[in-house]
$ cat final_24.txt   # compact mmCIF, C-alpha atoms
# COMPACT_ATOMS: atom_id res chain seq x y z
CA MET M 1 -11.12 -45.27 28.60
CA ALA M 2 -13.18 -43.92 25.76
CA ALA M 3 -16.24 -41.89 26.65
CA ASP M 4 -18.63 -44.25 24.81
CA GLU M 5 -17.05 -47.49 26.15
CA PRO M 6 -19.43 -49.21 28.65
CA PRO M 7 -17.89 -49.93 32.08
CA GLU M 8 -17.10 -53.61 32.76
CA ARG M 9 -18.83 -55.36 35.63
CA GLN M 10 -16.56 -56.31 38.49
CA LEU M 11 -15.37 -59.93 38.24
CA ARG M 12 -16.29 -61.95 41.36
CA VAL M 13 -14.38 -65.09 42.46
CA MET M 14 -16.42 -68.35 42.41
CA PRO M 15 -16.49 -69.84 46.00
CA TRP M 16 -15.10 -73.38 46.38
CA TRP M 17 -18.23 -74.66 48.05
CA LEU M 18 -20.27 -73.88 44.95
CA VAL M 19 -18.33 -76.55 43.05
CA LEU M 20 -18.87 -79.01 45.93
CA VAL M 21 -22.58 -78.30 45.93
CA GLY M 22 -22.67 -78.97 42.20
CA LEU M 23 -20.92 -82.30 42.65
CA LEU M 24 -23.25 -83.26 45.48
CA LEU M 25 -26.26 -82.32 43.37
CA ALA M 26 -24.93 -84.43 40.50
CA ALA M 27 -24.41 -87.39 42.88
CA ALA M 28 -27.84 -86.91 44.44
CA LEU M 29 -29.45 -86.75 41.03
CA GLY M 30 -27.64 -89.94 39.96
CA TRP M 31 -28.56 -91.66 43.23
CA LEU M 32 -32.19 -90.64 42.83
CA VAL M 33 -32.35 -91.89 39.25
CA LEU M 34 -30.58 -95.11 40.23
CA GLY M 35 -32.99 -95.71 43.08
CA LEU M 36 -36.02 -95.19 40.89
CA LEU M 37 -34.67 -97.48 38.18
CA LEU M 38 -33.70 -100.21 40.68
CA THR M 39 -37.16 -100.06 42.20
CA GLU M 40 -38.66 -100.60 38.79
CA ALA M 41 -36.19 -103.39 38.08
CA ASP M 42 -37.13 -105.23 41.34
CA ARG M 43 -40.73 -105.49 40.13
CA ALA M 44 -39.70 -107.87 37.37
CA VAL M 45 -40.89 -111.50 38.00
CA GLN M 46 -38.16 -113.36 36.23
CA PRO M 47 -34.78 -113.28 37.86
CA ASP M 48 -32.78 -112.94 34.68
CA ILE M 49 -34.87 -110.01 33.51
CA ARG M 50 -34.63 -108.44 36.91
CA ALA M 51 -30.83 -108.78 36.86
CA THR M 52 -30.65 -107.26 33.42
CA LEU M 53 -32.85 -104.34 34.42
CA ARG M 54 -30.76 -103.75 37.54
CA ILE M 55 -27.59 -103.62 35.44
CA ASP M 56 -29.24 -101.16 33.04
CA ALA M 57 -30.45 -99.11 35.98
CA ILE M 58 -26.91 -98.93 37.39
CA ARG M 59 -25.53 -98.03 33.97
CA THR M 60 -28.19 -95.33 33.50
CA GLY M 61 -27.54 -93.87 36.96
CA LEU M 62 -23.85 -93.71 36.26
CA THR M 63 -24.58 -92.12 32.90
CA VAL M 64 -26.74 -89.48 34.57
CA VAL M 65 -24.02 -88.79 37.10
CA ALA M 66 -21.42 -88.67 34.36
CA GLY M 67 -23.60 -86.43 32.16
CA THR M 68 -24.33 -84.09 35.04
CA GLY M 69 -20.64 -83.96 35.89
CA GLY M 70 -19.79 -83.37 32.26
CA GLY M 71 -22.30 -80.53 32.11
CA LEU M 72 -20.77 -79.04 35.20
CA ALA M 73 -17.34 -79.49 33.66
CA LEU M 74 -18.52 -77.75 30.48
CA LEU M 75 -19.90 -74.88 32.53
CA LEU M 76 -16.61 -74.56 34.35
CA ALA M 77 -14.72 -74.73 31.06
CA ALA M 78 -17.01 -72.11 29.53
CA ARG M 79 -16.47 -69.88 32.56
CA ARG M 80 -12.72 -70.31 32.28
CA GLN M 81 -12.91 -69.42 28.57
CA TRP M 82 -15.02 -66.34 29.32
CA ILE M 83 -12.63 -65.32 32.07
CA ALA M 84 -9.69 -65.83 29.71
CA GLU M 85 -11.35 -63.79 26.98
CA ARG M 86 -12.27 -61.07 29.45
CA ALA M 87 -8.73 -61.06 30.73
CA GLN M 88 -7.48 -60.75 27.16
CA ARG M 89 -9.83 -57.84 26.48
CA HIS M 90 -8.78 -56.25 29.73
CA GLN M 91 -5.12 -56.62 28.84
CA GLU M 92 -5.77 -55.15 25.40
CA ALA M 93 -7.74 -52.27 26.90
CA VAL M 94 -5.00 -51.64 29.45
CA ALA M 95 -2.39 -51.81 26.71
CA ALA M 96 -4.44 -49.39 24.57
CA ARG M 97 -4.83 -46.99 27.50
CA ASP M 98 -1.16 -47.25 28.27
CA GLN M 99 -0.32 -46.55 24.63
CA ALA M 100 -2.75 -43.63 24.52
CA HIS M 101 -1.24 -42.30 27.73
CA ARG M 102 2.25 -42.68 26.31
CA ASP M 103 1.11 -40.92 23.12
CA ARG M 104 -0.37 -38.09 25.18
CA VAL M 105 2.78 -37.82 27.23
CA GLN M 106 4.86 -37.85 24.04
CA ALA M 107 2.62 -35.26 22.38
CA HIS M 108 2.75 -33.10 25.49
CA ALA M 109 6.52 -33.42 25.62
CA GLU M 110 6.76 -32.52 21.94
CA SER M 111 4.38 -29.59 22.46
CA VAL M 112 6.40 -28.35 25.41
CA ALA M 113 9.61 -28.75 23.41
CA GLU M 114 8.08 -26.93 20.43
CA ALA M 115 6.80 -24.12 22.64
CA ALA M 116 10.20 -23.85 24.24
CA GLN M 117 11.81 -23.75 20.79
CA ARG M 118 9.37 -21.07 19.66
CA GLN M 119 10.06 -19.06 22.77
CA GLN M 120 13.76 -19.45 22.19
CA ASP M 121 13.34 -18.42 18.56
CA ARG M 122 11.30 -15.39 19.60
CA GLN M 123 13.89 -14.42 22.16
CA SER M 124 16.63 -14.93 19.61
CA THR M 125 14.72 -12.89 16.99
CA ALA M 126 13.98 -10.18 19.53
CA ALA M 127 17.62 -10.10 20.53
CA GLU M 128 18.70 -9.89 16.90
CA HIS M 129 16.10 -7.19 16.24
CA ASP M 130 17.21 -5.21 19.28
CA ALA M 131 20.83 -5.58 18.24
CA ALA M 132 19.99 -4.50 14.68
CA GLU M 133 17.95 -1.55 15.96
CA ARG M 134 20.76 -0.50 18.27
CA ARG M 135 23.21 -0.78 15.39
CA LEU M 136 20.91 1.26 13.12
CA THR M 137 20.43 3.84 15.83
CA GLU M 138 24.17 4.09 16.36
CA LEU M 139 24.83 4.38 12.63
CA TYR M 140 22.04 6.92 12.21
CA THR M 141 23.19 8.97 15.20
CA ARG M 142 26.78 8.89 13.99
CA ALA M 143 25.78 9.95 10.46
CA VAL M 144 23.67 12.83 11.79
CA GLU M 145 26.55 13.92 13.99
CA LEU M 146 28.80 13.92 10.93
CA LEU M 147 26.20 16.01 9.10
CA GLY M 148 26.45 18.63 11.82
CA ASN M 149 30.22 18.82 11.77
CA ASP M 150 31.94 22.12 11.03
CA SER M 151 34.04 20.57 8.26
CA ALA M 152 32.46 20.34 4.81
CA ALA M 153 34.35 17.11 4.06
CA VAL M 154 32.96 15.48 7.19
CA ARG M 155 29.46 16.61 6.30
CA LEU M 156 29.85 15.00 2.89
CA GLY M 157 30.80 11.77 4.64
CA GLY M 158 27.68 12.05 6.77
CA LEU M 159 25.52 12.43 3.66
CA HIS M 160 26.95 9.30 2.07
CA ALA M 161 26.63 7.39 5.35
CA LEU M 162 22.94 8.29 5.53
CA GLU M 163 22.43 7.31 1.91
CA ARG M 164 24.08 3.92 2.45
CA LEU M 165 22.02 3.38 5.59
CA GLY M 166 18.79 4.12 3.68
CA GLN M 167 19.79 1.92 0.75
CA ASP M 168 20.36 -1.07 3.06
CA ASN M 169 17.38 -0.42 5.35
CA PRO M 170 14.14 0.51 3.52
CA SER M 171 12.33 1.16 6.80
CA GLN M 172 14.69 4.07 7.51
CA ARG M 173 14.33 5.82 4.17
CA SER M 174 11.51 8.18 5.11
CA THR M 175 13.43 9.30 8.20
CA ILE M 176 16.64 9.79 6.24
CA VAL M 177 14.84 11.79 3.53
CA ALA M 178 13.28 13.94 6.26
CA VAL M 179 16.74 14.58 7.75
CA LEU M 180 18.21 15.55 4.37
CA CYS M 181 15.25 17.85 3.67
CA ALA M 182 15.67 19.45 7.10
CA TYR M 183 19.36 20.02 6.37
CA LEU M 184 18.53 21.73 3.09
CA ARG M 185 15.87 23.85 4.80
CA MET M 186 18.48 25.26 7.18
CA SER M 187 20.17 28.48 6.16
CA PRO M 188 23.68 27.85 4.78
CA PRO M 189 26.54 29.31 6.82
CA ASP M 190 27.94 32.49 5.35
CA ASP M 191 31.56 31.69 6.21
CA GLU M 192 31.70 28.26 4.54
CA PRO M 193 32.31 28.56 0.77
CA ARG M 194 32.31 24.77 0.31
CA GLU M 195 28.78 24.48 1.68
CA THR M 196 27.42 24.81 -1.87
CA GLU M 197 29.00 21.49 -2.83
CA VAL M 198 27.61 19.85 0.30
CA ARG M 199 24.12 21.05 -0.54
CA ARG M 200 24.49 19.92 -4.16
CA THR M 201 25.44 16.48 -2.87
CA ALA M 202 22.43 16.38 -0.53
CA GLN M 203 20.19 17.28 -3.48
CA ARG M 204 21.72 14.55 -5.65
CA VAL M 205 21.25 12.01 -2.85
CA LEU M 206 17.54 12.87 -2.76
CA THR M 207 16.88 12.97 -6.49
CA ARG M 208 19.00 9.87 -7.24
CA HIS M 209 16.50 7.75 -5.33
CA LEU M 210 13.37 9.29 -6.90
CA ARG M 211 13.87 7.92 -10.42
CA GLU M 212 11.78 4.80 -11.02
CA HIS M 213 13.78 3.59 -14.02
CA ASP M 214 16.63 2.64 -11.65
CA GLU M 215 14.98 -0.17 -9.68
CA THR M 216 17.98 -0.82 -7.42
CA ALA M 217 18.31 2.81 -6.34
CA HIS M 218 14.63 3.84 -6.32
CA TRP M 219 13.06 4.62 -2.95
CA PRO M 220 9.31 4.49 -3.60
CA GLY M 221 6.79 6.53 -1.68
CA VAL M 222 9.15 9.01 -0.01
CA VAL M 223 7.84 12.55 0.41
CA LEU M 224 9.94 15.66 -0.08
CA ASP M 225 9.37 18.63 2.19
CA LEU M 226 11.74 21.33 0.99
CA GLY M 227 9.63 24.33 1.88
CA GLY M 228 11.89 27.33 2.39
CA ALA M 229 15.02 25.38 1.36
CA ALA M 230 17.97 26.95 -0.42
CA LEU M 231 18.61 24.80 -3.52
CA VAL M 232 21.40 25.13 -6.06
CA ASP M 233 20.96 23.80 -9.63
CA PHE M 234 18.27 21.46 -8.35
CA ASP M 235 17.82 18.61 -10.85
CA ALA M 236 14.65 16.54 -10.44
CA ALA M 237 14.48 15.57 -14.13
CA GLY M 238 12.78 12.19 -14.56
CA CYS M 239 11.91 11.93 -10.86
CA THR M 240 8.65 10.73 -9.39
CA LEU M 241 7.47 13.26 -6.82
CA VAL M 242 4.88 12.23 -4.24
CA ASP M 243 3.11 15.17 -2.56
CA ALA M 244 6.28 17.23 -2.82
CA THR M 245 6.47 20.64 -1.13
CA PHE M 246 8.80 23.43 -2.25
CA THR M 247 6.78 26.35 -0.89
CA GLY M 248 8.98 29.39 -0.39
CA ALA M 249 12.11 27.59 -1.63
CA ALA M 250 14.94 29.60 -3.16
CA PHE M 251 16.23 27.96 -6.36
CA THR M 252 19.47 29.37 -7.75
CA GLY M 253 21.05 28.41 -11.04
CA THR M 254 19.06 26.16 -13.37
CA THR M 255 16.22 24.14 -11.87
CA SER M 256 14.88 21.18 -13.84
CA PHE M 257 11.72 19.13 -13.40
CA ALA M 258 11.89 17.96 -17.03
CA GLY M 259 10.16 14.64 -17.59
CA ALA M 260 9.14 14.40 -13.94
CA THR M 261 5.96 12.66 -12.81
CA THR M 262 3.93 13.91 -9.88
CA ARG M 263 1.61 11.89 -7.70
CA GLY M 264 -0.47 14.09 -5.51
CA ARG M 265 0.07 17.82 -5.27
CA LEU M 266 3.25 19.67 -6.20
CA LEU M 267 3.47 22.84 -4.12
CA LEU M 268 5.85 25.56 -5.35
CA GLY M 269 4.03 28.63 -4.08
CA ALA M 270 6.18 31.70 -3.36
CA ALA M 271 9.31 29.91 -4.66
CA ARG M 272 12.13 31.86 -6.32
CA PHE M 273 13.86 30.59 -9.47
CA GLY M 274 16.74 31.51 -11.72
CA ASP M 275 16.05 29.41 -14.83
CA VAL M 276 13.41 26.68 -14.52
CA VAL M 277 12.45 23.81 -16.85
CA PHE M 278 9.19 21.86 -16.59
CA ASP M 279 9.32 20.33 -20.08
CA ASN M 280 7.25 17.13 -20.53
CA VAL M 281 6.12 17.04 -16.91
CA THR M 282 3.22 14.64 -16.28
CA THR M 283 1.09 15.47 -13.29
CA GLY M 284 -1.21 13.32 -11.22
CA GLY M 285 -2.43 16.14 -9.00
CA GLU M 286 -2.78 19.91 -8.82
CA ILE M 287 0.31 22.02 -9.43
CA VAL M 288 0.50 25.23 -7.36
CA LEU M 289 2.79 27.97 -8.68
CA ASP M 290 1.11 30.91 -6.96
CA ASP M 291 3.34 33.92 -6.17
CA ILE M 292 6.48 32.42 -7.71
CA ARG M 293 9.25 34.57 -9.13
CA VAL M 294 11.30 33.42 -12.14
CA HIS M 295 14.24 35.67 -12.94
CA GLY M 296 15.41 33.81 -16.02
CA LEU M 297 14.09 31.39 -18.62
CA ALA M 298 10.91 29.39 -17.86
CA SER M 299 9.99 26.46 -20.10
CA PHE M 300 6.93 24.20 -19.76
CA ASP M 301 6.96 22.76 -23.29
CA GLY M 302 5.07 19.49 -23.75
CA ALA M 303 3.88 19.35 -20.14
CA THR M 304 0.57 17.80 -19.14
CA PHE M 305 -1.30 19.40 -16.25
CA SER M 306 -4.21 16.98 -16.10
CA GLU M 307 -5.43 18.14 -12.68
CA GLY M 308 -5.06 21.85 -13.32
CA LEU M 309 -2.49 24.56 -12.74
CA SER M 310 -2.66 27.50 -10.37
CA CYS M 311 -0.19 30.25 -11.25
CA ARG M 312 -1.70 33.39 -9.75
CA ARG M 313 0.15 36.58 -8.82
CA SER M 314 3.38 35.17 -10.20
CA HIS M 315 6.16 36.97 -12.03
CA PHE M 316 8.17 35.73 -15.03
CA ALA M 317 11.04 38.07 -15.87
CA GLY M 318 12.55 36.11 -18.78
CA PRO M 319 11.26 34.33 -21.89
CA THR M 320 8.44 31.94 -20.99
CA SER M 321 7.23 29.02 -23.09
CA PHE M 322 4.08 26.90 -22.66
CA ARG M 323 4.33 25.39 -26.14
CA ARG M 324 2.12 22.30 -26.78
CA VAL M 325 1.03 22.12 -23.15
CA THR M 326 -2.17 20.30 -22.17
CA PHE M 327 -4.16 21.93 -19.37
CA GLY M 328 -6.82 19.64 -17.92
CA GLN M 329 -8.79 21.04 -15.02
CA PRO M 330 -9.33 24.81 -14.55
CA THR M 331 -6.15 26.82 -15.03
CA SER M 332 -5.52 30.24 -13.55
CA PHE M 333 -2.89 32.87 -14.36
CA ASP M 334 -4.80 35.67 -12.64
CA ALA M 335 -2.70 38.74 -11.78
CA THR M 336 0.46 37.12 -13.16
CA ARG M 337 3.01 39.24 -14.99
CA PHE M 338 5.09 38.05 -17.95
CA GLU M 339 7.88 40.57 -18.64
CA ASP M 340 9.40 38.97 -21.75
CA ALA M 341 8.10 37.08 -24.79
CA THR M 342 5.60 34.37 -23.87
CA THR M 343 4.13 31.59 -25.99
CA PHE M 344 1.20 29.24 -25.55
CA GLN M 345 1.44 28.04 -29.14
CA GLU M 346 -0.51 24.84 -29.92
CA SER M 347 -1.50 24.45 -26.26
CA VAL M 348 -4.80 22.82 -25.34
CA PHE M 349 -7.02 24.11 -22.54
CA ASP M 350 -9.51 21.36 -21.74
CA GLY M 351 -10.59 23.13 -18.56
CA ALA M 352 -11.53 26.74 -18.03
CA LEU M 353 -8.79 29.33 -18.40
CA SER M 354 -8.61 32.51 -16.35
CA MET M 355 -6.12 35.28 -17.16
CA GLU M 356 -7.87 38.17 -15.48
CA HIS M 357 -5.62 41.11 -14.57
CA THR M 358 -2.70 39.27 -16.19
CA ALA M 359 -0.02 41.45 -17.78
CA PHE M 360 2.18 40.55 -20.75
CA GLY M 361 5.14 42.91 -21.09
CA GLY M 362 6.47 41.18 -24.22
CA SER M 363 4.74 39.57 -27.13
CA VAL M 364 2.40 36.66 -26.43
CA THR M 365 1.14 34.06 -28.88
CA PHE M 366 -1.71 31.59 -28.61
CA HIS M 367 -1.20 30.49 -32.22
CA SER M 368 -3.23 27.30 -32.97
CA GLY M 369 -4.32 27.07 -29.37
CA ARG M 370 -7.46 25.13 -28.43
CA PHE M 371 -9.88 26.43 -25.80
CA ALA M 372 -12.46 23.72 -25.04
CA ASN M 373 -13.93 25.60 -22.10
CA MET M 374 -14.49 29.17 -21.02
CA ALA M 375 -11.53 31.52 -21.57
CA LEU M 376 -11.36 34.74 -19.52
CA PHE M 377 -9.00 37.57 -20.54
CA ARG M 378 -10.80 40.36 -18.69
CA TRP M 379 -8.61 43.29 -17.62
CA THR M 380 -5.66 41.53 -19.25
CA ILE M 381 -2.86 43.84 -20.39
CA PHE M 382 -1.08 42.97 -23.66
CA GLY M 383 2.02 45.18 -23.68
CA ALA M 384 3.25 43.93 -27.07
CA GLU M 385 1.85 41.84 -29.92
CA ALA M 386 -1.02 39.54 -28.97
CA LEU M 387 -1.39 36.74 -31.51
CA PHE M 388 -4.40 34.40 -31.50
CA ASP M 389 -4.03 33.32 -35.12
CA ARG M 390 -5.81 30.02 -35.94
CA ALA M 391 -6.91 29.61 -32.33
CA ARG M 392 -10.20 27.81 -31.74
CA PHE M 393 -12.64 28.75 -28.98
CA THR M 394 -15.32 26.11 -28.36
CA ASP M 395 -16.94 27.88 -25.39
CA ALA M 396 -17.29 31.50 -24.33
CA ALA M 397 -14.35 33.89 -24.65
CA ASN M 398 -14.29 37.15 -22.75
CA PHE M 399 -11.83 40.01 -23.45
CA GLY M 400 -13.81 42.66 -21.57
CA ARG M 401 -11.74 45.73 -20.53
CA ALA M 402 -8.53 44.17 -21.85
CA ARG M 403 -5.75 46.49 -23.04
CA PHE M 404 -3.89 45.90 -26.33
CA HIS M 405 -0.83 48.22 -26.42
CA ARG M 406 0.41 46.78 -29.71
CA MET M 407 -1.06 44.79 -32.59
CA ALA M 408 -3.74 42.18 -31.86
CA SER M 409 -4.30 39.43 -34.41
CA PHE M 410 -7.13 36.87 -34.52
CA ARG M 411 -6.42 35.83 -38.10
CA ASP M 412 -8.34 32.61 -38.97
CA ALA M 413 -9.42 32.20 -35.31
CA GLN M 414 -12.63 30.20 -34.85
CA PHE M 415 -15.32 31.12 -32.31
CA ASN M 416 -18.39 28.99 -31.66
CA ARG M 417 -19.78 32.02 -29.81
CA GLN M 418 -19.22 35.69 -30.47
CA PRO M 419 -16.45 36.76 -28.05
CA GLN M 420 -17.24 39.44 -25.49
CA VAL M 421 -15.05 42.53 -25.85
CA GLU M 422 -17.02 45.19 -23.97
CA GLN M 423 -14.85 48.23 -23.19
CA ALA M 424 -11.64 46.53 -24.35
CA ARG M 425 -9.16 49.07 -25.68
CA ALA M 426 -6.42 48.90 -28.28
CA VAL M 427 -3.86 51.36 -29.60
CA VAL M 428 -4.42 52.51 -33.13
CA ASP M 429 -2.52 50.04 -35.32
CA PRO M 430 -3.21 49.09 -38.92
CA GLY M 431 -2.12 45.52 -38.25
CA HIS M 432 -5.07 44.64 -36.01
CA ARG M 433 -7.08 41.55 -37.05
CA TRP M 434 -10.20 41.40 -34.90
CA PRO M 435 -12.70 38.49 -34.68
CA ALA M 436 -15.49 38.68 -37.23
CA GLY M 437 -18.39 40.81 -36.03
CA THR M 438 -16.32 42.84 -33.55
CA VAL M 439 -17.41 46.49 -33.37
CA VAL M 440 -14.42 48.86 -33.12
CA LYS M 441 -14.81 52.58 -32.40
CA ARG M 442 -12.20 55.25 -32.26
CA LEU M 443 -11.83 56.71 -28.80
CA ASP M 444 -9.18 59.34 -29.61
CA ASP M 445 -6.06 59.68 -31.71
CA GLU M 446 -4.26 56.88 -29.85
CA TRP M 447 -6.91 54.46 -28.66
CA LEU M 448 -9.68 52.29 -30.04
CA VAL M 449 -12.53 50.92 -27.99
CA LEU M 450 -14.25 47.58 -28.67
CA VAL M 451 -17.93 47.18 -27.83
CA ASP M 452 -20.40 44.31 -27.89
CA GLU M 453 -23.41 44.72 -30.13

$ encode --input "final_24.txt" --output "structure tokens"
Amino acid sequence: MAADEPPERQLRVMPWWLVLVGLLLAAALGWLVLGLLLTEADRAVQPDIRATLRIDAIRTGLTVVAGTGGGLALLLAARRQWIAERAQRHQEAVAARDQAHRDRVQAHAESVAEAAQRQQDRQSTAAEHDAAERRLTELYTRAVELLGNDSAAVRLGGLHALERLGQDNPSQRSTIVAVLCAYLRMSPPDDEPRETEVRRTAQRVLTRHLREHDETAHWPGVVLDLGGAALVDFDAAGCTLVDATFTGAAFTGTTSFAGATTRGRLLLGAARFGDVVFDNVTTGGEIVLDDIRVHGLASFDGATFSEGLSCRRSHFAGPTSFRRVTFGQPTSFDATRFEDATTFQESVFDGALSMEHTAFGGSVTFHSGRFANMALFRWTIFGAEALFDRARFTDAANFGRARFHRMASFRDAQFNRQPQVEQARAVVDPGHRWPAGTVVKRLDDEWLVLVDE
């Protein structure tokens, strides 16, 4: 029953004697009317009129009785109709309640069935997930076991098994990359000559999935931690490196980061290189090259270090090129030594540049370089020719106490401020081309001293 439906009054059964009383009342009323009319008719003087009046009185009495009975009959008929209508309403209400009850039962049954189906689906999904996880764990464990085998061929199989596992299961990629990095961080066995090929393969597995142009093979977001690793001909050209760490790594052969893109920091502090190529690198974070050692060629041509470069106390033994490089935030080469010819030709320093206590053993050129911020060359040692021809210094330039052991040339260089050269020294050389306004004094037969006015 609806909450707003008024409750029906209880139906009471009419007693039989009530109908009898009604009939008796109708008869009594007719008898009373008949008696009154007959009394009035008996008062008539003429017999024929009296007879007529008595007949009318009888007819009227019968009419009253009949009318009263008809009224009672109408009341009974009306009651029967009301009872029938109430019964109909009751039946409809009962039918509606029964239907609502059946609907509730059906809805409850459907809800129970749906809940049971959901529970079954969850159990089935959980079972499938557990089975898949067990299978992944077994495959992962087996691949790692292969990676630790004494045979180089078996280790190669373990590498490919891990790669296939990561390719098919993206959620496992970070773990697999961490395992491969840990393998490369371990010292290679001395008595296994084929280990070099295994390590090359591990490197290729890592770098193959760091190139965004190959959408099917790319593993986005993985982080390399190769600090202290021994790497052979490491090729990360075109890779996207996310917060990659190579601190203390030993790179042998030719190492290439050409065309790579970094997101976050790239840490290469204290790394050791044979030849290294950073051509056209695009950085999205700070690059740390502090204390590195490069025994061969180093090329950074066309690179963009938008968030700055730290290359302090480093050592470059071979030819080094920073041609057409863009340096964004402050850049430091403090206490770095360049043994061979070095070029910064056409490079742009948007941030401050510091080369204090830096030593150039070979010639160095900053031809057509642009220095938009402060440039510090204090205590810098130029062991061979130092060429700043057509360079442009927008902010302060300081060469205080620098040492020029060969010719220094600032031909057509532009300075918005007079450069500071206090106590800088240069060997006597007729080829010197100093900035306009520079005061040069002879110290002795071999050395000149530059002073600020």

$ closest_residue --input "final_24.txt" --among "M:Phe251, M:Phe377, M:Phe327, M:Phe360" --to "Ala271 of chain M" --atoms "only C-alpha atoms"
M:Phe251

$ closest_residue --input "final_24.txt" --among "M:Phe404, M:Tyr183, M:Phe410, M:Phe349" --to "Thr380 of chain M" --atoms "all atoms listed in the file"
M:Phe404

$ atom_distance --input "final_24.txt" --atom1 "atom CA of Ala237 of chain M" --atom2 "atom CA of Gly148 of chain M"
28.7 Å

$ atom_distance --input "final_24.txt" --atom1 "atom CA of Ala375 of chain M" --atom2 "atom CA of Ala396 of chain M"
6.4 Å

$ closest_residue --input "final_24.txt" --among "M:Val242, M:Ala27, M:Ala107, M:Ala250" --to "Gly264 of chain M" --atoms "all atoms listed in the file"
M:Val242

$ closest_residue --input "final_24.txt" --among "M:Arg442, M:His405, M:Ile381, M:Arg411" --to "His367 of chain M" --atoms "only C-alpha atoms"
M:Arg411

$ atom_distance --input "final_24.txt" --atom1 "atom CA of Asp429 of chain M" --atom2 "atom CA of Gly400 of chain M"
19.3 Å

$ residues_around --input "final_24.txt" --residues "Asp243 of chain M" --least-positions-apart "5" --cutoff "8 Å" --atoms "all atoms listed in the file" --output "VMD selection string"
chain M and resid 223 to 224 262 to 267

$ write_last_selection --input "final_24.txt" --atoms "C-alpha atoms" --output "short mmCIF file (atom, residue, chain, number, x, y, z; two decimals), keeping the file's coordinate frame"
data_model
loop_
_atom_site.label_atom_id
_atom_site.label_comp_id
_atom_site.auth_asym_id
_atom_site.auth_seq_id
_atom_site.Cartn_x
_atom_site.Cartn_y
_atom_site.Cartn_z
CA VAL M 223 7.84 12.55 0.41
CA LEU M 224 9.94 15.66 -0.08
CA THR M 262 3.93 13.91 -9.88
CA ARG M 263 1.61 11.89 -7.70
CA GLY M 264 -0.47 14.09 -5.51
CA ARG M 265 0.07 17.82 -5.27
CA LEU M 266 3.25 19.67 -6.20
CA LEU M 267 3.47 22.84 -4.12
#

$ closest_residue --input "final_24.txt" --among "M:Ala270, M:Ala384, M:Ile176, M:Leu289" --to "Val222 of chain M" --atoms "all atoms listed in the file"
M:Ile176

$ closest_residue --input "final_24.txt" --among "M:Ala143, M:Ala95, M:Arg104, M:Thr240" --to "Arg155 of chain M" --atoms "only C-alpha atoms"
M:Ala143

$ residues_around --input "final_24.txt" --residues "Leu184 of chain M" --least-positions-apart "5" --cutoff "9 Å" --atoms "only C-alpha atoms" --output "list of chain:residue names"
M:Val179, M:Arg199, M:Ala202, M:Gln203, M:Leu226, M:Gly228, M:Ala229, M:Ala230, M:Leu231

$ closest_atom_pairs --input "final_24.txt" --of "segment 362-408 of chain M" --to "segment 336-344 of chain M" --cutoff "6 Å" --atoms "all atoms listed in the file" --output "tab-separated table"
residue	atom	partner	partner_atom	distance
M:Gly362	CA	M:Asp340	CA	4.4
M:Ser363	CA	M:Ala341	CA	4.8
M:Val364	CA	M:Thr342	CA	4.7
M:Thr365	CA	M:Thr343	CA	4.8
M:Phe366	CA	M:Phe344	CA	4.8

$ residues_around --input "final_24.txt" --residues "Val277 of chain M" --least-positions-apart "5" --cutoff "6 Å" --atoms "all atoms listed in the file" --output "ChimeraX atom specification"
/M:256-258,298-299
